[in-house]
Amino acid sequence: MTDQDKQIKTDRMRFTKNKFSSNLALVAILFDVFYFVSIYKSDVSTYYYTLVIGASIIYNLAFMLAAFLSSEGVKSYGEKFCYILIALGIMQFVRIFYIPWKASHSVVTIANVDVVVMGTAQFVRCAIFLAISGIACLVAAVVGIQKSRILNAYIATLGEEVRRD
């Protein structure tokens, strides 16, 4: 790719959206929903009927809202939304070791029979869903930061005001 091709590609960024980062943020929401469904369809005695699950439901809603708003923000090369995606991505990895990990190591007694709250297959599935969601957030953020900085540097060379969204 020649220097002129790179310049044309960079110039086009002023008029196009960052769909890659935006779509990755939406993929993160999708896999969070898969996790959400996998956890909340489980009904093992009264194990999940706690305040922690209520907080988890509220966090899931907040995650989906923040990820969607960040998706829209990174679409227009807003760098600050990338940092929100980084925080959301890290939290998805932390969440693996909270409800899924604890549930996979917990046993409840139902009709005098000990039952594991979350089997290995469900734990692995939940961990994969959260990991994919976290990776999607982090990749969307890294690509978004790179593209935003490239565009802002290019705009500065043109003598225009750099966007601060």
# chains A, B, ... in the order shown; residues from 1 in each chain; ligands from 1
$ closest_atom_pairs --of "range 115-144 of chain A" --to "range 15-36 of chain A" --cutoff "7 Å" --atoms "only C-alpha atoms" --output "Markdown table"
| residue | atom | partner | partner_atom | distance |
| --- | --- | --- | --- | --- |
| A:Cys126 | CA | A:Tyr35 | CA | 5.4 |
| A:Phe129 | CA | A:Phe31 | CA | 5.2 |
| A:Leu130 | CA | A:Asp32 | CA | 6.3 |
| A:Ile132 | CA | A:Phe31 | CA | 6.8 |
| A:Ser133 | CA | A:Ala28 | CA | 4.0 |
| A:Gly134 | CA | A:Ala28 | CA | 6.7 |
| A:Ala136 | CA | A:Leu24 | CA | 5.3 |
| A:Cys137 | CA | A:Ala25 | CA | 5.6 |
| A:Ala140 | CA | A:Ser21 | CA | 4.2 |
| A:Ala141 | CA | A:Ser21 | CA | 6.9 |
| A:Val143 | CA | A:Ser21 | CA | 6.4 |
| A:Gly144 | CA | A:Ser21 | CA | 5.9 |
$ atom_distance --atom1 "CA of Ser104 in chain A" --atom2 "CA of Val117 in chain A"
6.1 Å
$ select_by_dssp --residues "range 47-148 of chain A" --states "strand (DSSP E or B)" --output "ChimeraX atom specification"
/A:107-110,113-116
$ atom_distance --atom1 "CA of Tyr48 in chain A" --atom2 "CA of Lys102 in chain A"
11.2 Å
$ decode --residues "range 89-103 of chain A" --atoms "N, CA, C and O atoms" --output "CSV table (one decimal), in the first residue's frame"
chain,number,residue,atom,x,y,z
A,89,GLY,N,-15.0,-5.0,29.5
A,89,GLY,CA,-14.3,-6.2,29.2
A,89,GLY,C,-13.6,-6.9,30.4
A,89,GLY,O,-13.7,-8.1,30.6
A,90,ILE,N,-12.9,-6.1,31.2
A,90,ILE,CA,-12.2,-6.6,32.3
A,90,ILE,C,-13.3,-7.2,33.3
A,90,ILE,O,-13.1,-8.3,33.9
A,91,MET,N,-14.4,-6.5,33.5
A,91,MET,CA,-15.4,-7.0,34.4
A,91,MET,C,-16.0,-8.3,33.9
A,91,MET,O,-16.4,-9.1,34.8
A,92,GLN,N,-16.1,-8.5,32.6
A,92,GLN,CA,-16.6,-9.8,32.1
A,92,GLN,C,-15.7,-10.9,32.6
A,92,GLN,O,-16.2,-12.0,32.9
A,93,PHE,N,-14.4,-10.7,32.6
A,93,PHE,CA,-13.5,-11.8,33.0
A,93,PHE,C,-13.6,-12.0,34.6
A,93,PHE,O,-13.5,-13.1,35.1
A,94,VAL,N,-13.8,-10.9,35.3
A,94,VAL,CA,-13.9,-11.0,36.7
A,94,VAL,C,-15.2,-11.8,37.1
A,94,VAL,O,-15.2,-12.6,38.0
A,95,ARG,N,-16.2,-11.6,36.3
A,95,ARG,CA,-17.5,-12.2,36.6
A,95,ARG,C,-17.4,-13.7,36.5
A,95,ARG,O,-18.2,-14.4,37.1
A,96,ILE,N,-16.5,-14.3,35.7
A,96,ILE,CA,-16.3,-15.7,35.6
A,96,ILE,C,-16.1,-16.3,37.0
A,96,ILE,O,-16.6,-17.4,37.3
A,97,PHE,N,-15.3,-15.6,37.8
A,97,PHE,CA,-14.9,-16.1,39.1
A,97,PHE,C,-15.9,-15.8,40.2
A,97,PHE,O,-15.6,-16.0,41.4
A,98,TYR,N,-17.1,-15.2,39.8
A,98,TYR,CA,-18.0,-14.9,40.9
A,98,TYR,C,-19.2,-15.9,40.9
A,98,TYR,O,-19.1,-17.0,41.5
A,99,ILE,N,-20.2,-15.7,40.2
A,99,ILE,CA,-21.4,-16.6,40.2
A,99,ILE,C,-21.1,-17.9,39.6
A,99,ILE,O,-21.3,-19.0,40.2
A,100,PRO,N,-20.5,-18.0,38.3
A,100,PRO,CA,-20.3,-19.4,37.8
A,100,PRO,C,-19.3,-20.2,38.6
A,100,PRO,O,-19.6,-21.4,38.8
A,101,TRP,N,-18.2,-19.6,39.0
A,101,TRP,CA,-17.2,-20.3,39.8
A,101,TRP,C,-17.8,-20.8,41.1
A,101,TRP,O,-17.6,-22.0,41.5
A,102,LYS,N,-18.5,-19.9,41.8
A,102,LYS,CA,-19.1,-20.3,43.1
A,102,LYS,C,-20.1,-21.4,42.9
A,102,LYS,O,-20.2,-22.4,43.7
A,103,ALA,N,-21.0,-21.2,41.9
A,103,ALA,CA,-22.0,-22.2,41.7
A,103,ALA,C,-21.5,-23.6,41.3
A,103,ALA,O,-22.0,-24.6,41.6
